[in-house]
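> The following file, upload-v1.csv, comprises CSV, C-alpha atoms and all ligand atoms:
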chain,number,residue,atom,x,y,z
O,1,MET,CA,-72.7,259.3,109.4
O,2,ASP,CA,-73.5,255.8,108.2
O,3,LEU,CA,-71.0,254.4,110.7
O,4,PHE,CA,-73.5,255.3,113.5
O,5,ASN,CA,-76.7,254.6,111.7
O,6,LEU,CA,-79.0,252.1,113.5
O,7,LYS,CA,-81.8,252.0,110.9
O,8,GLY,CA,-83.2,248.4,110.6
O,9,LYS,CA,-81.7,247.4,114.0
O,10,THR,CA,-83.8,246.4,117.0
O,11,ALA,CA,-82.4,247.3,120.5
O,12,LEU,CA,-83.6,245.5,123.6
O,13,ILE,CA,-83.0,247.7,126.7
O,14,THR,CA,-83.7,246.1,130.1
O,15,GLY,CA,-85.1,248.5,132.7
O,16,GLY,CA,-85.7,251.0,129.9
O,17,THR,CA,-88.7,252.5,131.6
O,18,HIS,CA,-86.9,255.4,133.2
O,19,GLY,CA,-83.6,257.0,134.1
O,20,LEU,CA,-80.4,256.1,132.3
O,21,GLY,CA,-82.0,253.2,130.4
O,22,MET,CA,-84.6,255.5,129.0
O,23,ALA,CA,-82.0,258.2,128.0
O,24,MET,CA,-79.9,255.6,126.2
O,25,ALA,CA,-82.9,254.0,124.5
O,26,GLU,CA,-83.9,257.4,123.2
O,27,ALA,CA,-80.4,258.0,121.8
O,28,LEU,CA,-80.5,254.6,120.0
O,29,ALA,CA,-84.0,255.5,118.6
O,30,GLN,CA,-82.7,258.8,117.4
O,31,ALA,CA,-80.0,256.9,115.5
O,32,GLY,CA,-82.8,254.9,113.9
O,33,ALA,CA,-83.2,251.8,116.1
O,34,LYS,CA,-86.5,250.2,117.0
O,35,LEU,CA,-86.9,249.8,120.7
O,36,VAL,CA,-88.0,246.9,122.9
O,37,ILE,CA,-87.9,247.8,126.5
O,38,THR,CA,-88.4,245.6,129.5
O,39,GLY,CA,-89.6,246.4,133.0
O,40,THR,CA,-91.3,244.9,136.0
O,41,THR,CA,-93.9,247.5,136.9
O,42,PRO,CA,-97.0,247.9,134.7
O,43,GLU,CA,-97.6,251.5,135.7
O,44,LYS,CA,-94.0,252.6,134.9
O,45,MET,CA,-94.2,250.7,131.6
O,46,GLU,CA,-97.4,252.4,130.6
O,47,LYS,CA,-95.9,255.8,131.4
O,48,ALA,CA,-92.7,255.0,129.6
O,49,LEU,CA,-94.4,253.8,126.4
O,50,ALA,CA,-96.5,257.0,126.3
O,51,ALA,CA,-93.3,259.0,126.7
O,52,TYR,CA,-91.5,257.2,123.9
O,53,GLU,CA,-94.6,257.6,121.7
O,54,SER,CA,-94.9,261.3,122.4
O,55,LYS,CA,-91.4,261.7,121.1
O,56,GLY,CA,-92.2,259.8,117.9
O,57,PHE,CA,-90.1,256.7,118.8
O,58,ASP,CA,-91.1,253.1,117.9
O,59,ALA,CA,-91.0,251.3,121.3
O,60,LYS,CA,-92.6,248.1,122.5
O,61,GLY,CA,-92.7,247.0,126.1
O,62,TYR,CA,-92.4,243.6,127.8
O,63,LEU,CA,-92.9,243.0,131.5
O,64,PHE,CA,-90.6,240.4,133.0
O,65,ASP,CA,-88.0,239.9,135.6
O,66,VAL,CA,-84.5,239.4,134.1
O,67,THR,CA,-83.4,237.2,137.1
O,68,ASP,CA,-86.0,234.6,136.2
O,69,GLU,CA,-84.4,232.6,133.5
O,70,VAL,CA,-87.6,230.7,132.5
O,71,GLU,CA,-89.6,233.9,132.1
O,72,ALA,CA,-86.6,235.7,130.4
O,73,LYS,CA,-86.3,232.8,127.9
O,74,ARG,CA,-90.1,232.8,127.2
O,75,ASN,CA,-90.0,236.6,126.6
O,76,VAL,CA,-86.9,236.7,124.5
O,77,GLU,CA,-88.6,234.0,122.2
O,78,LYS,CA,-91.8,236.0,122.1
O,79,ILE,CA,-90.0,239.3,121.4
O,80,THR,CA,-88.0,237.6,118.5
O,81,GLU,CA,-91.2,236.1,117.1
O,82,ILE,CA,-93.2,239.4,117.3
O,83,GLU,CA,-90.6,242.1,116.9
O,84,GLY,CA,-88.0,240.3,114.9
O,85,ASN,CA,-84.3,239.6,115.6
O,86,ILE,CA,-82.6,241.5,118.4
O,87,HIS,CA,-79.4,243.2,117.2
O,88,ILE,CA,-78.5,245.2,120.3
O,89,LEU,CA,-78.8,244.2,123.9
O,90,VAL,CA,-78.4,246.8,126.6
O,91,ASN,CA,-78.1,245.2,130.1
O,92,ASN,CA,-79.2,248.3,132.0
O,93,ALA,CA,-81.7,247.0,134.7
O,94,GLY,CA,-80.2,247.3,138.1
O,95,ILE,CA,-80.8,248.0,141.8
O,96,ILE,CA,-78.8,249.4,144.7
O,97,GLN,CA,-78.9,248.7,148.4
O,98,ARG,CA,-77.2,251.3,150.6
O,99,THR,CA,-76.5,249.5,154.0
O,100,PRO,CA,-73.2,249.2,155.9
O,101,ALA,CA,-71.6,245.8,155.1
O,102,ILE,CA,-71.6,244.9,158.8
O,103,SER,CA,-75.4,244.9,159.0
O,104,MET,CA,-76.3,243.9,155.4
O,105,GLU,CA,-78.8,241.0,155.3
O,106,ILE,CA,-77.5,238.2,153.2
O,107,SER,CA,-80.8,238.0,151.3
O,108,ASP,CA,-80.3,241.7,150.3
O,109,PHE,CA,-76.7,241.1,149.2
O,110,ARG,CA,-77.9,238.1,147.1
O,111,LYS,CA,-80.8,240.1,145.6
O,112,VAL,CA,-78.4,242.9,144.3
O,113,ILE,CA,-76.0,240.3,142.8
O,114,ASP,CA,-79.0,238.6,141.2
O,115,VAL,CA,-80.4,241.7,139.5
O,116,ASP,CA,-77.1,243.5,138.7
O,117,LEU,CA,-75.0,240.5,137.7
O,118,VAL,CA,-76.9,237.3,137.1
O,119,GLY,CA,-79.6,239.1,135.2
O,120,PRO,CA,-77.2,240.4,132.6
O,121,PHE,CA,-75.7,236.9,132.2
O,122,ILE,CA,-79.1,235.4,131.7
O,123,MET,CA,-80.1,238.0,129.1
O,124,SER,CA,-76.7,237.9,127.3
O,125,GLN,CA,-76.8,234.1,127.0
O,126,LEU,CA,-80.3,234.1,125.6
O,127,VAL,CA,-79.8,236.9,123.1
O,128,ALA,CA,-76.2,235.7,122.1
O,129,LYS,CA,-77.7,232.4,120.8
O,130,GLN,CA,-79.5,234.2,118.0
O,131,MET,CA,-76.6,236.6,117.5
O,132,ILE,CA,-74.1,233.7,117.0
O,133,GLU,CA,-76.4,232.3,114.3
O,134,ARG,CA,-76.5,235.6,112.5
O,135,LYS,CA,-72.8,236.3,113.1
O,136,GLU,CA,-73.4,239.8,114.4
O,137,GLY,CA,-74.5,241.5,117.6
O,138,LYS,CA,-73.8,244.2,120.2
O,139,ILE,CA,-74.1,243.7,123.9
O,140,ILE,CA,-73.7,246.8,126.2
O,141,ASN,CA,-73.4,246.2,129.9
O,142,ILE,CA,-74.1,249.2,132.2
O,143,CYS,CA,-71.4,249.2,134.8
O,144,SER,CA,-70.6,251.9,137.3
O,145,MET,CA,-68.0,253.9,139.2
O,146,MET,CA,-68.4,251.0,141.6
O,147,SER,CA,-66.9,248.7,138.9
O,148,GLU,CA,-63.6,250.3,140.0
O,149,LEU,CA,-64.0,252.1,143.3
O,150,GLY,CA,-65.5,251.2,146.7
O,151,ARG,CA,-67.7,253.4,148.8
O,152,ASN,CA,-69.3,253.0,152.3
O,153,THR,CA,-72.7,251.2,152.2
O,154,VAL,CA,-72.6,249.7,148.7
O,155,SER,CA,-70.7,246.4,149.1
O,156,ALA,CA,-73.2,244.3,147.2
O,157,TYR,CA,-73.6,246.9,144.4
O,158,ALA,CA,-69.8,247.2,144.0
O,159,ALA,CA,-69.3,243.5,144.0
O,160,ALA,CA,-72.0,243.1,141.3
O,161,LYS,CA,-70.7,246.0,139.1
O,162,GLY,CA,-67.1,244.9,139.5
O,163,GLY,CA,-68.3,241.4,138.5
O,164,LEU,CA,-70.2,242.9,135.5
O,165,LYS,CA,-67.0,244.5,134.3
O,166,MET,CA,-65.3,241.2,134.3
O,167,LEU,CA,-68.3,239.4,132.8
O,168,THR,CA,-68.1,242.0,129.9
O,169,LYS,CA,-64.4,241.1,129.3
O,170,ASN,CA,-65.1,237.4,129.5
O,171,LEU,CA,-68.1,237.4,127.2
O,172,ALA,CA,-66.2,239.6,124.8
O,173,THR,CA,-63.4,237.0,124.8
O,174,GLU,CA,-65.8,234.1,124.1
O,175,TRP,CA,-68.0,235.7,121.5
O,176,ALA,CA,-65.7,238.1,119.5
O,177,LYS,CA,-65.1,235.4,117.0
O,178,HIS,CA,-68.8,235.4,116.2
O,179,ASN,CA,-68.6,239.1,115.4
O,180,ILE,CA,-70.4,240.0,118.6
O,181,GLN,CA,-69.0,243.0,120.5
O,182,VAL,CA,-69.5,243.0,124.2
O,183,ASN,CA,-68.6,246.2,125.9
O,184,GLY,CA,-69.6,248.3,128.9
O,185,ILE,CA,-70.5,251.8,129.8
O,186,GLY,CA,-69.5,253.0,133.3
O,187,PRO,CA,-71.6,256.1,134.2
O,188,GLY,CA,-70.2,258.4,136.8
O,189,TYR,CA,-72.6,260.2,139.1
O,190,PHE,CA,-75.8,261.0,137.3
O,191,ALA,CA,-79.0,262.8,138.3
O,192,THR,CA,-81.5,260.0,138.3
O,193,SER,CA,-84.1,258.6,140.8
O,194,GLN,CA,-81.4,256.1,142.0
O,195,THR,CA,-79.2,258.9,143.2
O,196,GLU,CA,-82.0,261.2,144.4
O,197,PRO,CA,-81.6,260.2,148.1
O,198,ILE,CA,-78.0,261.3,148.0
O,199,ARG,CA,-78.5,264.4,145.9
O,200,VAL,CA,-80.9,266.2,148.3
O,201,GLU,CA,-79.9,269.8,149.2
O,202,GLY,CA,-77.9,269.9,152.4
O,203,ASN,CA,-76.6,266.3,152.0
O,204,PRO,CA,-72.8,266.6,152.1
O,205,PHE,CA,-72.6,263.9,149.5
O,206,ASN,CA,-74.0,266.3,146.9
O,207,ASP,CA,-71.1,268.8,147.4
O,208,PHE,CA,-68.6,265.9,147.7
O,209,ILE,CA,-69.5,264.6,144.2
O,210,ILE,CA,-69.3,268.0,142.6
O,211,SER,CA,-65.9,268.6,144.1
O,212,ARG,CA,-64.8,265.0,143.3
O,213,THR,CA,-65.8,265.4,139.6
O,214,PRO,CA,-63.4,267.4,137.4
O,215,ALA,CA,-66.3,268.5,135.2
O,216,ALA,CA,-67.8,269.9,138.5
O,217,ARG,CA,-71.4,268.7,138.0
O,218,TRP,CA,-73.7,265.7,138.1
O,219,GLY,CA,-74.1,264.0,134.7
O,220,ASN,CA,-77.4,264.4,132.8
O,221,PRO,CA,-78.8,261.1,131.5
O,222,GLU,CA,-78.4,262.5,127.9
O,223,ASP,CA,-74.6,262.6,128.4
O,224,LEU,CA,-74.6,258.8,127.9
O,225,GLY,CA,-76.3,258.9,124.5
O,226,GLY,CA,-73.3,259.3,122.3
O,227,THR,CA,-71.4,256.4,123.9
O,228,ALA,CA,-74.5,254.1,123.7
O,229,VAL,CA,-74.9,254.8,120.0
O,230,PHE,CA,-71.1,254.3,119.4
O,231,LEU,CA,-71.1,250.9,121.1
O,232,ALA,CA,-74.4,249.9,119.4
O,233,SER,CA,-73.1,250.8,115.9
O,234,LYS,CA,-70.7,249.7,113.2
O,235,ALA,CA,-68.3,252.4,114.5
O,236,SER,CA,-67.3,250.0,117.3
O,237,ASP,CA,-67.0,246.7,115.3
O,238,PHE,CA,-63.4,246.1,116.4
O,239,VAL,CA,-63.9,247.3,120.0
O,240,ASN,CA,-64.2,244.3,122.3
O,241,GLY,CA,-64.4,244.0,126.1
O,242,GLN,CA,-63.9,247.7,126.9
O,243,ILE,CA,-65.6,249.7,129.6
O,244,ILE,CA,-66.0,253.3,128.6
O,245,TYR,CA,-66.4,255.5,131.7
O,246,VAL,CA,-68.6,258.5,131.1
O,247,ASP,CA,-67.8,260.2,134.4
O,248,GLY,CA,-66.8,263.8,134.0
O,249,GLY,CA,-63.3,262.7,134.8
O,250,ILE,CA,-63.8,261.1,138.3
O,251,LEU,CA,-61.6,258.0,137.5
O,252,ALA,CA,-58.9,260.2,136.0
O,253,THR,CA,-58.0,262.1,139.2
O,254,ILE,CA,-57.0,261.6,142.8
O,255,GLY,CA,-59.2,264.6,143.7
O,256,LYS,CA,-58.2,267.8,145.4
O,257,PRO,CA,-58.1,269.3,148.9
O,258,ALA,CA,-61.2,271.2,150.0
O,259,ASN,CA,-59.5,274.6,149.9
O,260,GLU,CA,-58.2,274.2,146.3
O,261,ASP,CA,-60.1,275.8,143.5
O,301,LIG,C1,-73.9,255.5,145.2
O,301,LIG,C2,-74.5,255.8,143.9
O,301,LIG,C3,-73.7,255.0,142.9
O,301,LIG,C4,-74.3,255.4,141.5
O,301,LIG,C5,-73.5,255.0,140.3
O,301,LIG,C6,-72.1,255.5,140.3
O,301,LIG,O1,-74.6,255.3,146.2
O,301,LIG,O2,-72.7,255.7,145.4
O,301,LIG,O3,-75.8,255.5,143.8
O,301,LIG,O4,-73.6,253.7,143.2
O,301,LIG,O5,-75.6,254.8,141.4
O,301,LIG,O6,-73.5,253.6,140.0
O,301,LIG,O7,-71.5,255.2,139.1
Would you put the structure from the file into structure tokens?
Ligand code: GCO


Amino acid sequence: MDLFNLKGKTALITGGTHGLGMAMAEALAQAGAKLVITGTTPEKMEKALAAYESKGFDAKGYLFDVTDEVEAKRNVEKITEIEGNIHILVNNAGIIQRTPAISMEISDFRKVIDVDLVGPFIMSQLVAKQMIERKEGKIINICSMMSELGRNTVSAYAAAKGGLKMLTKNLATEWAKHNIQVNGIGPGYFATSQTEPIRVEGNPFNDFIISRTPAARWGNPEDLGGTAVFLASKASDFVNGQIIYVDGGILATIGKPANED
């Protein structure tokens, strides 16, 4: 399984303190990578580092906001100095705002675009500089169903995630010649804290998602591990600018009428 071996590689996962970021980080660590995770909340970071340690993973934490280009630059330099070169960047940090477009505050719209789209650009540009020098690197952008589909209340999120899909293709185009592969993962509907408000018992959205998903269930964060390892490893060295949707089949189907099995 040498193709998928990440021994000797360092992976930086933004927002790797919980949820999908943490699950993907653990999969990378299982394949041998050393982890550097970023977050913005000291308590969450402390808990996350303890969780990684209890599972025997080598993980370091850095607290900074990926939308602040000055802080991001300072931290990427510090990480490189202390932890060594960054071989894998997972742009996972993201937020969502569920408000009807007609009443969305412009400042809220901007905030979502800033975290979900501008942040990945800032981090990719910073890390790609050292990847270009070494002529190798993997960048994985965490996209969404909303990179392809619209849904009531998530206009800013869909705009950002659709943008992130195109940013992935564009960076792949510019940096493939340096042996940097930029790809994306598009998770379907996963059971995380982000989807907790729409998963509660009795919320019709819960049943809707299960009936809309051919696999007939919410994804478990661990379902993303294999794709993360693939896109971080030698196995994907000629895969450029692709978004792999890990969605239980949502994007493959038009759906079915309520009375159909
Ligand atoms: C929503 C959900 C989604 C998911 C996910 C789907 O409100 O529709 O929160 O946006 O978070 O990104 O792929």

> Which residues of chain O have any atom within 6 Å of an atom in ligand LIG 301 (chain O) when counting all atoms listed in the file, and what is the closest pair of atoms for each, with the distance in Å to one decimal? Order the rows by chain and rising number and write it as CSV.


residue,atom,partner,partner_atom,distance
O:Ser144,CA,O:LIG301,O7,3.9
O:Met145,CA,O:LIG301,O7,3.7
O:Met146,CA,O:LIG301,O7,5.8
O:Pro187,CA,O:LIG301,O7,5.0
O:Gly188,CA,O:LIG301,O7,4.1
O:Tyr189,CA,O:LIG301,C6,4.9
O:Gln194,CA,O:LIG301,O3,5.9
O:Thr195,CA,O:LIG301,O3,4.8

> Could you check how far atom CA of O:Leu63 sits from atom CA of O:Gln242, in Å to one decimal?

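Those two atoms sit 29.7 Å apart.
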
> Just want the 12 Å neighbourhood of O:Ser155, counted on only C-alpha atoms, with same-chain residues fewer than 2 positions away dropped. Output as a PyMOL selection string.

chain O and resi 96-106+108-110+112-113+146-147+149-153+157-163

> With all atoms listed in the file as the basis for distance, which of O:Gly119, O:Pro204, O:Gly21, O:Pro214 is at the shortest distance from O:Ile185?

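Looking at the shortest contact to O:Ile185, the residue is O:Gly21.
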
> Show which residues sit within 9 Å of O:Ile88, as a count of residues only. Count all atoms listed in the file, and ignore same-chain residues fewer than 3 positions away.

12

> I need the residue nearest O:Cys143 from this list: O:Ile243, O:Ala215, O:Leu224, O:Met24. Use all atoms listed in the file for the distance.

O:Ile243

> Grab the atom CA of O:Ser211 to atom CA of O:Thr227 distance for me, in Å with one decimal place.

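It comes out at 24.2 Å.
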
> Would you list the contacts of O:Ala252 as a count of residues only, taking every protein, DNA or RNA residue within 10 Å and counting all atoms listed in the file, but skipping same-chain residues closer than 5 positions in sequence?

4

> Could you give me, as a compact mmCIF listing (two decimals) with C-alpha atoms, in the frame of the given file, the residues that have an atom at most 12 Å away from the point (-88.0, 235.1, 123.3) in the coordinates of the file, using all atoms listed in the file?


# COMPACT_ATOMS: atom_id res chain seq x y z
CA LEU O 12 -83.60 245.50 123.60
CA VAL O 36 -88.00 246.90 122.90
CA TYR O 62 -92.40 243.60 127.80
CA PHE O 64 -90.60 240.40 133.00
CA GLU O 69 -84.40 232.60 133.50
CA VAL O 70 -87.60 230.70 132.50
CA GLU O 71 -89.60 233.90 132.10
CA ALA O 72 -86.60 235.70 130.40
CA LYS O 73 -86.30 232.80 127.90
CA ARG O 74 -90.10 232.80 127.20
CA ASN O 75 -90.00 236.60 126.60
CA VAL O 76 -86.90 236.70 124.50
CA GLU O 77 -88.60 234.00 122.20
CA LYS O 78 -91.80 236.00 122.10
CA ILE O 79 -90.00 239.30 121.40
CA THR O 80 -88.00 237.60 118.50
CA GLU O 81 -91.20 236.10 117.10
CA ILE O 82 -93.20 239.40 117.30
CA GLU O 83 -90.60 242.10 116.90
CA GLY O 84 -88.00 240.30 114.90
CA ASN O 85 -84.30 239.60 115.60
CA ILE O 86 -82.60 241.50 118.40
CA MET O 123 -80.10 238.00 129.10
CA GLN O 125 -76.80 234.10 127.00
CA LEU O 126 -80.30 234.10 125.60
CA VAL O 127 -79.80 236.90 123.10
CA ALA O 128 -76.20 235.70 122.10
CA LYS O 129 -77.70 232.40 120.80
CA GLN O 130 -79.50 234.20 118.00

> In Å, rounded to a single decimal, give me how far atom CA of O:Ala172 is from atom CA of O:Ser236.

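So the answer is 12.9 Å.
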
> List the spatial neighbours of O:Lys55 as a list in words - criterion: any atom at most 9 Å away, all atoms listed in the file, same-chain residues fewer than 4 positions off excluded.

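That gives Glu26, Ala50 and Ala51 of chain O.
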
> Find the residues near stretch 14-17 of chain O: any atom within 12 Å, counting all atoms listed in the file, skip ones fewer than 5 places away on the same chain, and give them as a PDB file with C-alpha atoms, keeping the file's coordinate frame.


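Full text of around-v3.pdb as output:
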ATOM      1  CA  MET O  22     -84.600 255.500 129.000  1.00  0.00           C
ATOM      2  CA  ALA O  23     -82.000 258.200 128.000  1.00  0.00           C
ATOM      3  CA  MET O  24     -79.900 255.600 126.200  1.00  0.00           C
ATOM      4  CA  ALA O  25     -82.900 254.000 124.500  1.00  0.00           C
ATOM      5  CA  GLU O  26     -83.900 257.400 123.200  1.00  0.00           C
ATOM      6  CA  ALA O  27     -80.400 258.000 121.800  1.00  0.00           C
ATOM      7  CA  LEU O  28     -80.500 254.600 120.000  1.00  0.00           C
ATOM      8  CA  LEU O  35     -86.900 249.800 120.700  1.00  0.00           C
ATOM      9  CA  VAL O  36     -88.000 246.900 122.900  1.00  0.00           C
ATOM     10  CA  ILE O  37     -87.900 247.800 126.500  1.00  0.00           C
ATOM     11  CA  THR O  38     -88.400 245.600 129.500  1.00  0.00           C
ATOM     12  CA  GLY O  39     -89.600 246.400 133.000  1.00  0.00           C
ATOM     13  CA  THR O  40     -91.300 244.900 136.000  1.00  0.00           C
ATOM     14  CA  THR O  41     -93.900 247.500 136.900  1.00  0.00           C
ATOM     15  CA  PRO O  42     -97.000 247.900 134.700  1.00  0.00           C
ATOM     16  CA  GLU O  43     -97.600 251.500 135.700  1.00  0.00           C
ATOM     17  CA  LYS O  44     -94.000 252.600 134.900  1.00  0.00           C
ATOM     18  CA  MET O  45     -94.200 250.700 131.600  1.00  0.00           C
ATOM     19  CA  GLU O  46     -97.400 252.400 130.600  1.00  0.00           C
ATOM     20  CA  LYS O  47     -95.900 255.800 131.400  1.00  0.00           C
ATOM     21  CA  ALA O  48     -92.700 255.000 129.600  1.00  0.00           C
ATOM     22  CA  LEU O  49     -94.400 253.800 126.400  1.00  0.00           C
ATOM     23  CA  ALA O  50     -96.500 257.000 126.300  1.00  0.00           C
ATOM     24  CA  ALA O  51     -93.300 259.000 126.700  1.00  0.00           C
ATOM     25  CA  TYR O  52     -91.500 257.200 123.900  1.00  0.00           C
ATOM     26  CA  ALA O  59     -91.000 251.300 121.300  1.00  0.00           C
ATOM     27  CA  LYS O  60     -92.600 248.100 122.500  1.00  0.00           C
ATOM     28  CA  GLY O  61     -92.700 247.000 126.100  1.00  0.00           C
ATOM     29  CA  TYR O  62     -92.400 243.600 127.800  1.00  0.00           C
ATOM     30  CA  LEU O  63     -92.900 243.000 131.500  1.00  0.00           C
ATOM     31  CA  PHE O  64     -90.600 240.400 133.000  1.00  0.00           C
ATOM     32  CA  ASP O  65     -88.000 239.900 135.600  1.00  0.00           C
ATOM     33  CA  VAL O  66     -84.500 239.400 134.100  1.00  0.00           C
ATOM     34  CA  THR O  67     -83.400 237.200 137.100  1.00  0.00           C
ATOM     35  CA  ALA O  72     -86.600 235.700 130.400  1.00  0.00           C
ATOM     36  CA  ASN O  75     -90.000 236.600 126.600  1.00  0.00           C
ATOM     37  CA  VAL O  76     -86.900 236.700 124.500  1.00  0.00           C
ATOM     38  CA  ILE O  88     -78.500 245.200 120.300  1.00  0.00           C
ATOM     39  CA  LEU O  89     -78.800 244.200 123.900  1.00  0.00           C
ATOM     40  CA  VAL O  90     -78.400 246.800 126.600  1.00  0.00           C
ATOM     41  CA  ASN O  91     -78.100 245.200 130.100  1.00  0.00           C
ATOM     42  CA  ASN O  92     -79.200 248.300 132.000  1.00  0.00           C
ATOM     43  CA  ALA O  93     -81.700 247.000 134.700  1.00  0.00           C
ATOM     44  CA  GLY O  94     -80.200 247.300 138.100  1.00  0.00           C
ATOM     45  CA  ILE O  95     -80.800 248.000 141.800  1.00  0.00           C
ATOM     46  CA  VAL O 115     -80.400 241.700 139.500  1.00  0.00           C
ATOM     47  CA  ASP O 116     -77.100 243.500 138.700  1.00  0.00           C
ATOM     48  CA  GLY O 119     -79.600 239.100 135.200  1.00  0.00           C
ATOM     49  CA  PRO O 120     -77.200 240.400 132.600  1.00  0.00           C
ATOM     50  CA  ILE O 122     -79.100 235.400 131.700  1.00  0.00           C
ATOM     51  CA  MET O 123     -80.100 238.000 129.100  1.00  0.00           C
ATOM     52  CA  SER O 124     -76.700 237.900 127.300  1.00  0.00           C
ATOM     53  CA  ILE O 139     -74.100 243.700 123.900  1.00  0.00           C
ATOM     54  CA  ILE O 140     -73.700 246.800 126.200  1.00  0.00           C
ATOM     55  CA  ASN O 141     -73.400 246.200 129.900  1.00  0.00           C
ATOM     56  CA  ILE O 142     -74.100 249.200 132.200  1.00  0.00           C
ATOM     57  CA  SER O 193     -84.100 258.600 140.800  1.00  0.00           C
TER      58      SER O 193
END
